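Asker: Below is a structure I'd like to ask you about.
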Amino acid sequence: ETGVTQSPTHLIKTRGQQVTLRCSSQSGHNTVSWYQQALGQGPQFIFQYYREEENGRGNFPPRFSGLQFPNYSSELNVNALELDDSALYLCASSLGTGEYEQYFGPGTRLTVT
Amino acid sequence: DAKTTQPNSMESNEEEPVHLPCNHSTISGTDYIHWYRQLPSQGPEYVIHGLTSNVNNRMASLAIAEDRKSSTLILHRATLRDAAVYYCILRFGNEKLTFGTGTRLTIIP
């Protein structure tokens, strides 16, 4: 059974640019959640996708957007990057939107200069 | 979101039990208590969860106070691999996971 994978591992972007992060969910999981983790802090919920539809969003501006594909993999897009967007971006998949445990990937470390 | 309070850091000796406390005085009757941990350079991983009764699994035990205002995660025999940040999270149904800053556990060889 393949776990949650994320790409790329590390990324350096310039302020104002756009970035796309990718996540492959664990086999059989139809729900993907994205989190942002700043240094020294716990992960903060960005949004969740269930069967290709957004199913909940945290306190993040619209320049953070996402997609989920028919195979349940997912993308996180961030436009107009700001320095404060530098963080570890985590993807987590689960069996559904119910009270299921979430399985996290290793994250993508984004640095904005 | 209901809040939890955890110590910033704890130390424990290898091969001894570890008791990680969590206070959640504003917990509602339908909130489950979840624990996740995050090893260095990894994403968080699920440890255990419960509602009212104590719970055991292969990783840990969860002891829940009778009034549910506090809980304790118990690692029965700590190894170096258990060094991580441990997060106590209250969750109702399919709500998002709301992480605090957790407890950084250091294991002393």
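Residue numbering restarts at 1 for every chain of the structure tokens, chains are lettered A, B, ... in their displayed order, and ligands are numbered from 1 as they appear.
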Please find the residues of chain A near chain B - the criterion being any atom within 8 Å, counting only C-alpha atoms - and write them as a list in words.

Answerer: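 The contacting residues on chain A are Gly40, Gln41, Gly42, Pro43, Gln44, Phe45, Leu90, Thr97, Gly98, Glu99, Tyr100, Glu101, Gln102, Tyr103, Phe104, Gly105, Pro106 and Gly107 of chain A.
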
Asker: Based on the selection just made, write N, CA and C atoms of those residues as a PDB file, in the first residue's frame.

Answerer:
```pdb
ATOM      1  N   GLY A  40       8.057  26.241  13.704  1.00  0.00           N
ATOM      2  CA  GLY A  40       7.768  26.299  15.134  1.00  0.00           C
ATOM      3  C   GLY A  40       6.301  26.298  15.500  1.00  0.00           C
ATOM      4  N   GLN A  41       5.436  26.184  14.504  1.00  0.00           N
ATOM      5  CA  GLN A  41       3.986  26.193  14.747  1.00  0.00           C
ATOM      6  C   GLN A  41       3.377  24.850  14.343  1.00  0.00           C
ATOM      7  N   GLY A  42       2.141  24.627  14.787  1.00  0.00           N
ATOM      8  CA  GLY A  42       1.415  23.455  14.336  1.00  0.00           C
ATOM      9  C   GLY A  42       0.819  23.714  12.961  1.00  0.00           C
ATOM     10  N   PRO A  43       0.465  22.679  12.242  1.00  0.00           N
ATOM     11  CA  PRO A  43      -0.161  22.854  10.917  1.00  0.00           C
ATOM     12  C   PRO A  43      -1.478  23.619  11.024  1.00  0.00           C
ATOM     13  N   GLN A  44      -1.739  24.466  10.020  1.00  0.00           N
ATOM     14  CA  GLN A  44      -2.990  25.217   9.943  1.00  0.00           C
ATOM     15  C   GLN A  44      -3.766  24.753   8.709  1.00  0.00           C
ATOM     16  N   PHE A  45      -5.049  24.472   8.895  1.00  0.00           N
ATOM     17  CA  PHE A  45      -5.898  23.951   7.837  1.00  0.00           C
ATOM     18  C   PHE A  45      -6.131  24.992   6.755  1.00  0.00           C
ATOM     19  N   LEU A  90       1.610  20.650   3.865  1.00  0.00           N
ATOM     20  CA  LEU A  90       1.310  19.243   4.117  1.00  0.00           C
ATOM     21  C   LEU A  90      -0.015  18.867   3.472  1.00  0.00           C
ATOM     22  N   THR A  97     -15.010  11.964   4.541  1.00  0.00           N
ATOM     23  CA  THR A  97     -15.119  13.215   5.289  1.00  0.00           C
ATOM     24  C   THR A  97     -15.594  12.979   6.717  1.00  0.00           C
ATOM     25  N   GLY A  98     -15.829  11.757   7.058  1.00  0.00           N
ATOM     26  CA  GLY A  98     -16.285  11.454   8.406  1.00  0.00           C
ATOM     27  C   GLY A  98     -15.150  11.474   9.390  1.00  0.00           C
ATOM     28  N   GLU A  99     -15.348  10.775  10.460  1.00  0.00           N
ATOM     29  CA  GLU A  99     -14.413  10.814  11.575  1.00  0.00           C
ATOM     30  C   GLU A  99     -13.249   9.842  11.337  1.00  0.00           C
ATOM     31  N   TYR A 100     -12.558  10.049  10.204  1.00  0.00           N
ATOM     32  CA  TYR A 100     -11.471   9.155   9.842  1.00  0.00           C
ATOM     33  C   TYR A 100     -10.135   9.789  10.185  1.00  0.00           C
ATOM     34  N   GLU A 101      -9.180   8.946  10.546  1.00  0.00           N
ATOM     35  CA  GLU A 101      -7.848   9.482  10.772  1.00  0.00           C
ATOM     36  C   GLU A 101      -7.276   9.959   9.451  1.00  0.00           C
ATOM     37  N   GLN A 102      -6.410  10.955   9.555  1.00  0.00           N
ATOM     38  CA  GLN A 102      -5.790  11.507   8.358  1.00  0.00           C
ATOM     39  C   GLN A 102      -4.356  11.004   8.254  1.00  0.00           C
ATOM     40  N   TYR A 103      -3.973  10.698   7.034  1.00  0.00           N
ATOM     41  CA  TYR A 103      -2.626  10.208   6.758  1.00  0.00           C
ATOM     42  C   TYR A 103      -1.878  11.315   6.020  1.00  0.00           C
ATOM     43  N   PHE A 104      -0.793  11.766   6.616  1.00  0.00           N
ATOM     44  CA  PHE A 104      -0.067  12.908   6.084  1.00  0.00           C
ATOM     45  C   PHE A 104       1.105  12.475   5.207  1.00  0.00           C
ATOM     46  N   GLY A 105       1.373  13.309   4.205  1.00  0.00           N
ATOM     47  CA  GLY A 105       2.588  13.154   3.431  1.00  0.00           C
ATOM     48  C   GLY A 105       3.739  13.856   4.131  1.00  0.00           C
ATOM     49  N   PRO A 106       4.941  13.777   3.540  1.00  0.00           N
ATOM     50  CA  PRO A 106       6.124  14.376   4.166  1.00  0.00           C
ATOM     51  C   PRO A 106       6.202  15.890   4.007  1.00  0.00           C
ATOM     52  N   GLY A 107       5.369  16.437   3.115  1.00  0.00           N
ATOM     53  CA  GLY A 107       5.338  17.887   2.965  1.00  0.00           C
ATOM     54  C   GLY A 107       6.227  18.417   1.851  1.00  0.00           C
TER      55      GLY A 107
END
```

Asker: I want to know what sits within 8 Å of B:Thr26, based on only C-alpha atoms, with residues of the same chain fewer than 2 positions away left out; could you give that as a JSON list (two decimals) with C-alpha atoms, in the first residue's frame?

Answerer:
```json
[["chain", "number", "residue", "atom", "x", "y", "z"],
["B", 2, "ALA", "CA", -12.50, 24.07, 21.57],
["B", 3, "LYS", "CA", -8.98, 24.65, 22.87],
["B", 24, "HIS", "CA", -9.38, 20.72, 27.52],
["B", 28, "SER", "CA", -18.19, 19.56, 24.51],
["B", 69, "LYS", "CA", -11.62, 18.05, 31.01]]
```

Asker: Do a neighbour search on stretch 70-77 of chain A at 12 Å with only C-alpha atoms, toss out local chain neighbours closer than 6 positions, and write the hits as a ChimeraX atom specification.

Answerer: /A:4-8,17-36,46-54,61-64,85,89-96,107-108

Asker: Between B:Arg58, B:Arg68, B:Arg81, B:His76, single out the one closest to B:Leu105, counting only C-alpha atoms.

Answerer: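 Result for the nearest residue to B:Leu105: B:Arg81.
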
Asker: Measuring between only C-alpha atoms, which one of A:Leu39, A:Val78, A:Ile12, A:Leu88 shows the shortest distance to A:Thr113?

Answerer: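 Checking each of A:Leu39, A:Val78, A:Ile12, A:Leu88 against A:Thr113, counting only C-alpha atoms, the winner is A:Ile12.
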
Asker: Can you tell me, as a ChimeraX atom specification, what residues are no more than 7 Å from A:Arg15 when counting only C-alpha atoms, ignoring any on the same chain fewer than 6 positions away?

Answerer: /A:80-83,112-113

Asker: Output all heavy atoms for every residue in that selection, as a tab-separated table (two decimals), in the first residue's frame.

Answerer:
```
chain	number	residue	atom	x	y	z
A	80	ALA	N	0.50	35.02	-6.52
A	80	ALA	CA	1.03	36.26	-5.92
A	80	ALA	C	1.73	35.97	-4.60
A	80	ALA	O	1.35	36.50	-3.55
A	80	ALA	CB	-0.09	37.27	-5.75
A	81	LEU	N	2.73	35.12	-4.66
A	81	LEU	CA	3.42	34.68	-3.45
A	81	LEU	C	3.94	35.83	-2.61
A	81	LEU	O	4.46	36.83	-3.14
A	81	LEU	CB	4.57	33.75	-3.83
A	81	LEU	CG	4.18	32.32	-4.21
A	81	LEU	CD1	5.34	31.60	-4.87
A	81	LEU	CD2	3.67	31.56	-2.99
A	82	GLU	N	3.79	35.69	-1.30
A	82	GLU	CA	4.31	36.66	-0.34
A	82	GLU	C	5.37	35.97	0.52
A	82	GLU	O	5.40	34.74	0.62
A	82	GLU	CB	3.17	37.18	0.54
A	82	GLU	CG	2.06	37.85	-0.24
A	82	GLU	CD	0.89	38.29	0.64
A	82	GLU	OE1	0.95	38.04	1.86
A	82	GLU	OE2	-0.07	38.88	0.09
A	83	LEU	N	6.22	36.77	1.15
A	83	LEU	CA	7.29	36.20	1.97
A	83	LEU	C	6.72	35.30	3.07
A	83	LEU	O	7.31	34.26	3.40
A	83	LEU	CB	8.13	37.32	2.58
A	83	LEU	CG	8.89	38.21	1.61
A	83	LEU	CD1	9.65	39.29	2.37
A	83	LEU	CD2	9.86	37.40	0.75
A	112	VAL	N	9.98	31.50	-0.07
A	112	VAL	CA	9.71	32.65	-0.93
A	112	VAL	C	10.73	33.74	-0.60
A	112	VAL	O	10.87	34.15	0.56
A	112	VAL	CB	8.28	33.18	-0.72
A	112	VAL	CG1	8.02	34.35	-1.67
A	112	VAL	CG2	7.26	32.07	-0.95
A	113	THR	N	11.45	34.18	-1.62
A	113	THR	CA	12.49	35.19	-1.40
A	113	THR	C	12.13	36.52	-2.06
A	113	THR	O	11.22	36.55	-2.91
A	113	THR	CB	13.85	34.71	-1.94
A	113	THR	OG1	13.71	34.53	-3.36
A	113	THR	CG2	14.26	33.41	-1.30
```

Asker: Pick out each residue of chain B that DSSP on the backbone tags as strand (DSSP E or B); I need them as an mmCIF file with C-alpha atoms, in the first residue's frame.

Answerer:
```cif
data_model
loop_
_atom_site.group_PDB
_atom_site.id
_atom_site.type_symbol
_atom_site.label_atom_id
_atom_site.label_comp_id
_atom_site.auth_asym_id
_atom_site.auth_seq_id
_atom_site.Cartn_x
_atom_site.Cartn_y
_atom_site.Cartn_z
ATOM 1 C CA THR B 5 -3.444 23.221 26.600
ATOM 2 C CA SER B 9 8.246 20.436 26.225
ATOM 3 C CA MET B 10 8.951 17.299 28.231
ATOM 4 C CA GLU B 11 11.892 14.972 28.684
ATOM 5 C CA SER B 12 11.893 11.296 29.466
ATOM 6 C CA ASN B 13 14.459 8.551 29.795
ATOM 7 C CA VAL B 18 5.947 8.723 29.359
ATOM 8 C CA HIS B 19 2.779 10.541 30.377
ATOM 9 C CA LEU B 20 1.863 13.473 28.141
ATOM 10 C CA PRO B 21 -0.913 15.649 29.632
ATOM 11 C CA CYS B 22 -3.551 17.672 27.827
ATOM 12 C CA ASN B 23 -6.134 20.012 29.345
ATOM 13 C CA TYR B 32 -13.432 13.339 20.396
ATOM 14 C CA ILE B 33 -9.885 13.647 21.763
ATOM 15 C CA HIS B 34 -7.307 12.920 19.062
ATOM 16 C CA TRP B 35 -3.535 12.645 19.364
ATOM 17 C CA TYR B 36 -1.139 13.042 16.474
ATOM 18 C CA ARG B 37 2.634 13.213 16.569
ATOM 19 C CA GLN B 38 5.168 14.709 14.199
ATOM 20 C CA GLU B 45 0.932 10.767 12.082
ATOM 21 C CA TYR B 46 -2.162 9.563 13.882
ATOM 22 C CA VAL B 47 -1.560 8.041 17.310
ATOM 23 C CA ILE B 48 -4.896 7.405 18.998
ATOM 24 C CA HIS B 49 -8.313 8.877 19.726
ATOM 25 C CA GLY B 50 -11.166 8.395 22.184
ATOM 26 C CA VAL B 55 -8.270 3.451 24.736
ATOM 27 C CA ASN B 56 -5.293 1.273 23.882
ATOM 28 C CA SER B 61 -2.780 4.353 25.563
ATOM 29 C CA LEU B 62 -5.156 7.250 26.104
ATOM 30 C CA ALA B 63 -6.459 7.895 29.594
ATOM 31 C CA ILE B 64 -9.456 10.246 29.737
ATOM 32 C CA SER B 70 -8.203 16.462 30.682
ATOM 33 C CA SER B 71 -6.518 13.454 29.129
ATOM 34 C CA THR B 72 -3.119 11.781 29.152
ATOM 35 C CA LEU B 73 -1.296 10.050 26.333
ATOM 36 C CA ILE B 74 0.794 7.201 27.683
ATOM 37 C CA LEU B 75 3.785 5.740 25.880
ATOM 38 C CA ALA B 84 8.543 14.066 18.368
ATOM 39 C CA VAL B 85 6.043 16.874 18.805
ATOM 40 C CA TYR B 86 2.789 15.485 20.196
ATOM 41 C CA TYR B 87 -0.471 17.263 19.423
ATOM 42 C CA CYS B 88 -3.700 16.878 21.418
ATOM 43 C CA ILE B 89 -6.693 17.876 19.270
ATOM 44 C CA LEU B 90 -10.430 18.063 19.930
ATOM 45 C CA ARG B 91 -12.514 17.098 16.963
ATOM 46 C CA THR B 103 4.499 19.151 23.334
ATOM 47 C CA ARG B 104 8.023 18.544 22.161
ATOM 48 C CA LEU B 105 9.126 15.238 23.694
ATOM 49 C CA THR B 106 12.837 14.587 24.108
ATOM 50 C CA ILE B 107 14.020 11.067 24.905
ATOM 51 C CA ILE B 108 17.254 10.809 26.855
#
```
